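A.B. asks: Pasting a structure here, questions to come.
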Amino acid sequence: MKRCSFVAALAAALVLMLSSLALAGEILVYTALEDDEIPVYLDIFKKSHPDIDVKIIRDSTGIVTAKLLAEKDNPQADVVWGTAATSLMLCDQAGMVEPYAPKYLDKVAANMRDSSKVPHWVGIKAWMTGFVTNTVEAERLKMPIPQSYADLIKPIYKGQLIMPNPASSGTGFLTVSAILQLMGEEKGWAYLDKLHENILRYTHSGSKPAKLAGAGEAVVGISFAYRGFMQKAKGEPVVTTFPKEGSGWDVEANALIKKKDIKPEAKAFLDWALSPEVMQAYGKVYPVTAYPSGNPVPDGYPKDPAAQMIKNDFNWAAKNRTRILKEWSARYDGKSDPK
Amino acid sequence: MAQANQAAGAALPAADTFDRELWLKRALILLVSAWLVAVVILPLIQLLSKSLFDNHGVFVGLANYVEYFTTPELRRSIGNSVFVSVTTTVISVTLGFLFAYALTRTCIPLKGAFRGLAMMPLFAPTLLNGIALIYLFGRKGLITRGFFGAIPGFDIGLYGSTGIIISEVIFTFPQAMLILSVALRMTDARLYEASQSMGASRLRTFLTVTLPGVKYGLISAIFVCFILAFTDFGAPKVVGGQYNILATDIYKQVIGQQNFTMGAVVSVVLLIPTVLAFVVDRIAQRRQVALIQAKSVPLTPKPDKQVDGFYLAYCSFISLLILAFFATAAYASLVKVWPYKLELGLWHYQFRGTGGGGYGAFFNSVRMACYSAVVGTAVTFFSAYLIEKSRGMRALRQTSYFLSILPLALPGLVIGLAYIFFFNAPGWTFGGITIPNPFNWLYATMGILVLSNIVHFYSVSFLTATTALKQLDKEFETVSESLGVPFHITFFRVTVPVCLPAILEIAMYYFVNSMATVSAVIFLYSADIPLASVAIANMDDAGDIAPACAMSMLVVLANVAVRLLYGLLTRKVNRRTQAWTRR
């Protein structure tokens with residue numbers, strides 16, 4: 001009898017311990033956010049959730065997507081954070097996403113979230129195509145700073161452009177997708193054929209073109225705006241411009257991964273990822289956030305950043321992603337150096 | 001036989017232990033063979049079988065191979081790989097031969113310094129070869145821009161096959177040089193005297209005496225360079241541009257598209273020529289007859305102003321190139337914004353705002369290299385001892401010997417991929433019976449990283465150990481056996497101390513290579529255990545070339561430090577344990 005009550009007491013103590021530890025666990029987060037943004041945001045998270053240990057796996061959008069899909073039968077990640085909405089839609093189609101309505105959802109703009117009542121994904125901010133041009137090299141080679149997609153196919157830029165491979169890079173994909181949507185498929189592919197003539201090489205990540213332009217390895221990197229501004233802040237001679245036809249863009253979004261045991265810490269992380277504190281940090285460097293961050297438009301962006309973004313059909317992009325990438329790879333991937 | 005044993009047992013007081021010893025040794029040899037089968041053969045079988053299934057686990061026969069060979073952009077890589085590796089081999093072996101010749105057959109000064117400098121590339125991850133080349137020959141490279149405009153520069157069009165070939169030559173040159181030095185040292189001066197007295201010209205002597213004498217070394221050097229260049233992916237990843245080769249294809253399929261099946265197919269395609277080269281090399285080595293006989297006279301080079309002058313110039317030139325290469329990398333890692341702000345500082349050594357894991361990754365690599373060195377050396381040396389110094393079980397010992405040198409033919413990428421398949425498998429089903437995988441727990445741990453390194457660098461270590469053990473007379477074992485001394489006592493009191501220089505060399509080899517390798521571990525590391533070499537690859541992917549360069553320099557510094565430590569230790573050890581070799 002005594003023994004029995006001892007066991008009961010032990011069990012009770014254990015339950016107590018476990019429940020007090022409930023938000024002190026460990027979660028695995030997959031993300032495609034930039035390497036230099038992640039620590040800034042995580043510092044904010046640590047302040048409000050000091051007991052949750054966040055493990056981050058960071059890679060380019062295409063790789064995070066491929067990894068998620070490859071692990072479909074035995075998902076590893078608890079949460080996906082800041083990864084292209086078009087990619088999360090693919091995971092959703094594969095049945096990997098658990099719908100979840102995080103705190104602050106009511107504040108989120110309609111075009112920044114999945115339209116289901118309990119959304120499958122919720123955006124945190126938008127990122128858009130930007131051309132990062134090395135001003136020193138452009139001056140030396142007497143090249144104008146490109147202001148539009150039309151500029152990029154001019155012969156003067158031959159061998160001076162670097163662009164991300166859309167199969168691995170989210171930035172690459174949103175740019176290709178924007179060109180196809182703006183010009184229509186037929187004209188779009190014809191444009192990409194011409195662009196290919198000017199491309200020096202395609203990179204694995206969306207940030208590398210900007211960094212290579214900053215180092216003078218190319219004159220223009222087709223990349224995204226944030227990267228260009230960060231390179232400039234570091235002291236590299238670059239200027240970021242936006243195509244006047246409109247920038248391709250995508251939503252960096254979060255989703256909860258469907259698993260046998262969904263951790264409460266995962267939900268706590270998703271709630272936090274939309275909180276005003278971190279939204280304020282997103283807004284310092286990105287002009288378009290899930291809801292107004294209260295920050296002025298960061299330096300260098302157009303006055304009305306929302307107007308710079310094209311009318312983007314995410315459903316079309318997600319549905320056609322595989323086909324577009326296959327076509328793209330067949331056209332440009334295996335081609336040897338154009339030189 | 002049993003009777004004879006018993007009879008002997010009756011005569012000797014230590015008969016019981018003797019018998020037990022024999023069985024213990026046999027059990028250990030069996031264990032060594034089993035371990036080699038488990039870590040080399042089974043994963044390879046798993047890899048081969050994976051290439052016959054589709055991504056959903058349905059058996060498709062050769063359909064994946066058909067798909068591979070009908071996809072032009074994948075097929076083209078085979079030709080590209082062969083082209084860069086053959087070109088690399090020709091250049092490396094030629095340069096290496098001249099360098100080795102200078103070190104062994106001429107009277108030039110500073111031989112030690114030349115040798116040390118020529119070996120520098122062995123301490124660096126091959127990714128650094130690519131990165132340093134960008135700083136030299138990239139569009140904003142020192143040479144391309146003529147030292148920031150000081151002198152007229154020229155553009156060699158680095159990205160593509162040119163960049164890959166230069167990187168691979170830097171990578172393989174020391175290997176060719178080392179193998180050929182050994183070959184050139186083993187010769188008989190009498191042959192040269194004969195040739196001279198018969199009035200043969202220099203060229204004729206070279207063609208009829210020198211070349212035939214190093215034939216087998218030359219074959220080895222050619223195959224080693226070919227295999228290394230054919231399977232390396234670090235440098236091509238950095239400077240390959242749009243020039244696809246097999247090794248980068250595996251990486252792109254597996255990491256970029258998570259298409260493990262196609263990764264397995266490309267791995268098998270990559271394995272074919274390396275295994276072929278391995279077999280040809282083995283056959284050639286078997287034919288080798290001893291060049292050195294009891295009557296041989298070692299060749300001592302005679303001074304010759306003209307010849308020495310030429311070789312001194314040549315060695316100085318190559319050494320300067322290597323020095324300049326590393327100096328450029330070191331300089332670039334300290335420059336604030338290449339090539340626009342040339343202030344020097346440690347910005348890129350902070351690894352803030354870059355991926356890869358920073359100093360955590362670096363120290364993980366150091367830990368991994370230490371474990372690989374300690375465990376690897378112990379396992380390799382003991383296995384080599386059992387295979388070399390035991391009696392009986394000939395067939396098993398020969399099989400083990402073959403299994404021990406087989407990893408020489410296995411590229412790191414193939415080992416890494418095979419290990420994912422093998423160690424991540426929950427179990428295997430044969431005819432309705434499911435066997436759970438006993439090694440599954442190793443997956444995504446430090447253990448699997450160490451294991452992959454041990455296997456990756458096993459063969460060379462094993463051969464070093466075997467060579468050292470061969471120099472020890474078998475009498476030691478026979479005598480201690482008949483005296484009833486347990487073999488472990490002989491092993492620790494005689495064998496290990498005598499072989500200590502070789503043991504240290506093996507440990508250093510494991511450490512240095514585990515620090516620098518990226519190919520096997522890039523598939524096996526987990527988010528908990530980032531590694532320095534993988535961090536270099538990831539930072540390069542993200543375009544953070546300067547921090548990638550900084551991390552490479554840290555790896556080089558750690559390796560050079562260990563090499564210096566090894567030099568110090570060897571000197572001490574030689575004084576203490578090798579006194580018997582002197583009179």
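Scheme for the structure tokens: letters A, B, ... for chains in order shown; per-chain residue numbers from 1; ligand numbers from 1 in order shown.
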Taking only C-alpha atoms into account, produce a table as JSON lines in which each residue of chain A with an atom at most 8 Å from an atom of chain B appears once, together with its shortest atom pair and the distance in Å to one decimal, ordered by chain and rising number.
C.D. replies:
```
{"residue": "A:Asp35", "atom": "CA", "partner": "B:Thr354", "partner_atom": "CA", "distance": 5.2}
{"residue": "A:Asp36", "atom": "CA", "partner": "B:Gly353", "partner_atom": "CA", "distance": 3.7}
{"residue": "A:Glu37", "atom": "CA", "partner": "B:Gly353", "partner_atom": "CA", "distance": 7.2}
{"residue": "A:Pro39", "atom": "CA", "partner": "B:Gly353", "partner_atom": "CA", "distance": 7.4}
{"residue": "A:Lys55", "atom": "CA", "partner": "B:Ala527", "partner_atom": "CA", "distance": 7.4}
{"residue": "A:Ile56", "atom": "CA", "partner": "B:Ala527", "partner_atom": "CA", "distance": 7.3}
{"residue": "A:Ile57", "atom": "CA", "partner": "B:Ala527", "partner_atom": "CA", "distance": 6.3}
{"residue": "A:Arg58", "atom": "CA", "partner": "B:Gly355", "partner_atom": "CA", "distance": 7.7}
{"residue": "A:Gly62", "atom": "CA", "partner": "B:Gly256", "partner_atom": "CA", "distance": 7.2}
{"residue": "A:Ile63", "atom": "CA", "partner": "B:Gly256", "partner_atom": "CA", "distance": 5.4}
{"residue": "A:Ala66", "atom": "CA", "partner": "B:Gln258", "partner_atom": "CA", "distance": 5.6}
{"residue": "A:Lys67", "atom": "CA", "partner": "B:Gln258", "partner_atom": "CA", "distance": 6.2}
{"residue": "A:Ala70", "atom": "CA", "partner": "B:Gln258", "partner_atom": "CA", "distance": 6.3}
{"residue": "A:Ser168", "atom": "CA", "partner": "B:Gly256", "partner_atom": "CA", "distance": 6.2}
{"residue": "A:Arg201", "atom": "CA", "partner": "B:Gly241", "partner_atom": "CA", "distance": 6.2}
{"residue": "A:Tyr202", "atom": "CA", "partner": "B:Gln242", "partner_atom": "CA", "distance": 7.4}
{"residue": "A:Thr203", "atom": "CA", "partner": "B:Asp541", "partner_atom": "CA", "distance": 7.9}
{"residue": "A:His204", "atom": "CA", "partner": "B:Asp541", "partner_atom": "CA", "distance": 6.3}
{"residue": "A:Ser205", "atom": "CA", "partner": "B:Ala542", "partner_atom": "CA", "distance": 5.8}
{"residue": "A:Gly206", "atom": "CA", "partner": "B:Ala542", "partner_atom": "CA", "distance": 7.8}
{"residue": "A:Ser207", "atom": "CA", "partner": "B:Ala542", "partner_atom": "CA", "distance": 6.1}
{"residue": "A:Lys208", "atom": "CA", "partner": "B:Gly543", "partner_atom": "CA", "distance": 4.2}
{"residue": "A:Pro209", "atom": "CA", "partner": "B:Gly543", "partner_atom": "CA", "distance": 7.5}
{"residue": "A:Lys211", "atom": "CA", "partner": "B:Gly543", "partner_atom": "CA", "distance": 5.6}
{"residue": "A:Leu212", "atom": "CA", "partner": "B:Gly543", "partner_atom": "CA", "distance": 6.6}
{"residue": "A:Ala215", "atom": "CA", "partner": "B:Trp338", "partner_atom": "CA", "distance": 6.1}
{"residue": "A:Gly216", "atom": "CA", "partner": "B:Lys140", "partner_atom": "CA", "distance": 6.1}
{"residue": "A:Glu217", "atom": "CA", "partner": "B:Arg139", "partner_atom": "CA", "distance": 5.1}
{"residue": "A:Ala218", "atom": "CA", "partner": "B:Arg139", "partner_atom": "CA", "distance": 7.6}
{"residue": "A:Gly235", "atom": "CA", "partner": "B:Val337", "partner_atom": "CA", "distance": 7.1}
{"residue": "A:Glu236", "atom": "CA", "partner": "B:Val337", "partner_atom": "CA", "distance": 6.6}
{"residue": "A:Pro237", "atom": "CA", "partner": "B:Tyr340", "partner_atom": "CA", "distance": 7.8}
{"residue": "A:Asp333", "atom": "CA", "partner": "B:Glu73", "partner_atom": "CA", "distance": 7.4}
{"residue": "A:Gly334", "atom": "CA", "partner": "B:Glu73", "partner_atom": "CA", "distance": 4.3}
{"residue": "A:Lys335", "atom": "CA", "partner": "B:Gln242", "partner_atom": "CA", "distance": 7.3}
{"residue": "A:Ser336", "atom": "CA", "partner": "B:Gln242", "partner_atom": "CA", "distance": 5.7}
{"residue": "A:Asp337", "atom": "CA", "partner": "B:Gln242", "partner_atom": "CA", "distance": 5.3}
```
A.B. asks: I want to know what sits within 9 Å of A:Leu270, based on only C-alpha atoms, with residues of the same chain fewer than 6 positions away left out; could you give that as a list in words?
C.D. replies: Val79, Trp81, Tyr100, Pro102, Lys103, Asn254, Ala255 and Leu256 of chain A
A.B. asks: From the set A:Asp59, A:Gln93, A:Gly294, A:Thr129, which residue has the shortest atom-to-atom contact distance to A:Gly221, counting only C-alpha atoms?
C.D. replies: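 Residue with the minimum atom-to-atom distance to A:Gly221: A:Thr129.
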A.B. asks: Could you write out, as a PyMOL selection string, all the residues of stretch 352-402 of chain B that DSSP marks as helix (DSSP H, G or I)?
C.D. replies: chain B and resi 358-389+394-402
A.B. asks: With only C-alpha atoms as the basis for distance, which of A:Ile38, A:Ala167, A:Val122, A:Leu182 is at the shortest distance from A:Ala85?
C.D. replies: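 Of A:Ile38, A:Ala167, A:Val122, A:Leu182, the one nearest A:Ala85 is A:Val122, counting only C-alpha atoms.
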A.B. asks: Would you return as number ranges by chain the members of stretch 433-509 of chain B that DSSP assigns to strand (DSSP E or B) on this structure's backbone?
C.D. replies: B: 433-436
A.B. asks: Which residues come within 6 Å of stretch 393-406 of chain B, counting only C-alpha atoms, excluding same-chain residues fewer than 3 positions away, as a short mmCIF file (atom, residue, chain, number, x, y, z; two decimals) with N, CA and C atoms, in the first residue's frame?
C.D. replies:
```cif
data_model
loop_
_atom_site.label_atom_id
_atom_site.label_comp_id
_atom_site.auth_asym_id
_atom_site.auth_seq_id
_atom_site.Cartn_x
_atom_site.Cartn_y
_atom_site.Cartn_z
N SER B 33 37.66 -8.98 -40.10
CA SER B 33 37.01 -9.19 -41.39
C SER B 33 35.56 -8.76 -41.32
N ILE B 387 46.55 -9.11 -39.37
CA ILE B 387 46.62 -9.67 -40.71
C ILE B 387 48.07 -10.03 -41.06
N ALA B 409 39.76 2.86 -53.52
CA ALA B 409 39.01 3.10 -54.76
C ALA B 409 37.70 3.81 -54.51
N SER B 459 42.89 2.85 -46.17
CA SER B 459 43.85 2.07 -46.96
C SER B 459 45.28 2.58 -46.82
#
```
A.B. asks: For B:Val269, find every residue with an atom within 12 Å (counting only C-alpha atoms), except residues of its own chain fewer than 2 positions away, and show them as a count of residues only.
C.D. replies: 35
A.B. asks: Figure out the distance between atom CA of B:Leu483 and atom CA of B:Tyr385, please, to one decimal in Å.
C.D. replies: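 Rounded to one decimal, the two atoms are 19.9 Å apart.
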A.B. asks: Just how far from atom CA of B:Phe523 is atom CA of B:Gln253, in Å to one decimal?
C.D. replies: 11.8 Å
A.B. asks: With only C-alpha atoms as the counted atoms, please give the residues lying no more than 10 Å from B:Val379, apart from itself and same-chain residues fewer than 6 positions off, as a list in words.
C.D. replies: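 The neighbour list is Val32, Ala373, Tyr385, Ile454, Tyr458 and Phe462 of chain B.
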A.B. asks: Can I get the selection written as a PDB file, in the first residue's frame, with C-alpha atoms?
C.D. replies:
```
ATOM      1  CA  VAL B  32      38.443  -7.613 -38.260  1.00  0.00           C
ATOM      2  CA  ALA B 373      43.085   9.966 -35.335  1.00  0.00           C
ATOM      3  CA  TYR B 385      49.064  -6.401 -37.016  1.00  0.00           C
ATOM      4  CA  ILE B 454      38.271   6.050 -40.735  1.00  0.00           C
ATOM      5  CA  TYR B 458      41.817   3.503 -44.098  1.00  0.00           C
ATOM      6  CA  PHE B 462      46.767   0.370 -43.360  1.00  0.00           C
TER       7      PHE B 462
END
```
A.B. asks: What's the 9 Å shell around B:Gly213, counting only C-alpha atoms, without same-chain residues fewer than 2 positions away, as a PyMOL selection string?
C.D. replies: chain B and resi 183-184+186-187+208-211+215-217+291
A.B. asks: Please report the interatomic distance between atom CA of B:Val496 and atom CA of B:Ala38 in Å with one decimal.
C.D. replies: 26.8 Å
A.B. asks: Mind checking which residues fall within 10 Å of A:His49, counting only C-alpha atoms, ignoring those fewer than 3 positions away in the same chain, and posting them as a VMD selection string?
C.D. replies: chain A and resid 23 to 24 42 to 46 52 to 54 265 268 to 269 272
A.B. asks: Considering only C-alpha atoms, can you say which of B:Phe137, B:Leu30, B:Phe223, B:Gln196 comes closest to B:Ala284?
C.D. replies: B:Phe223
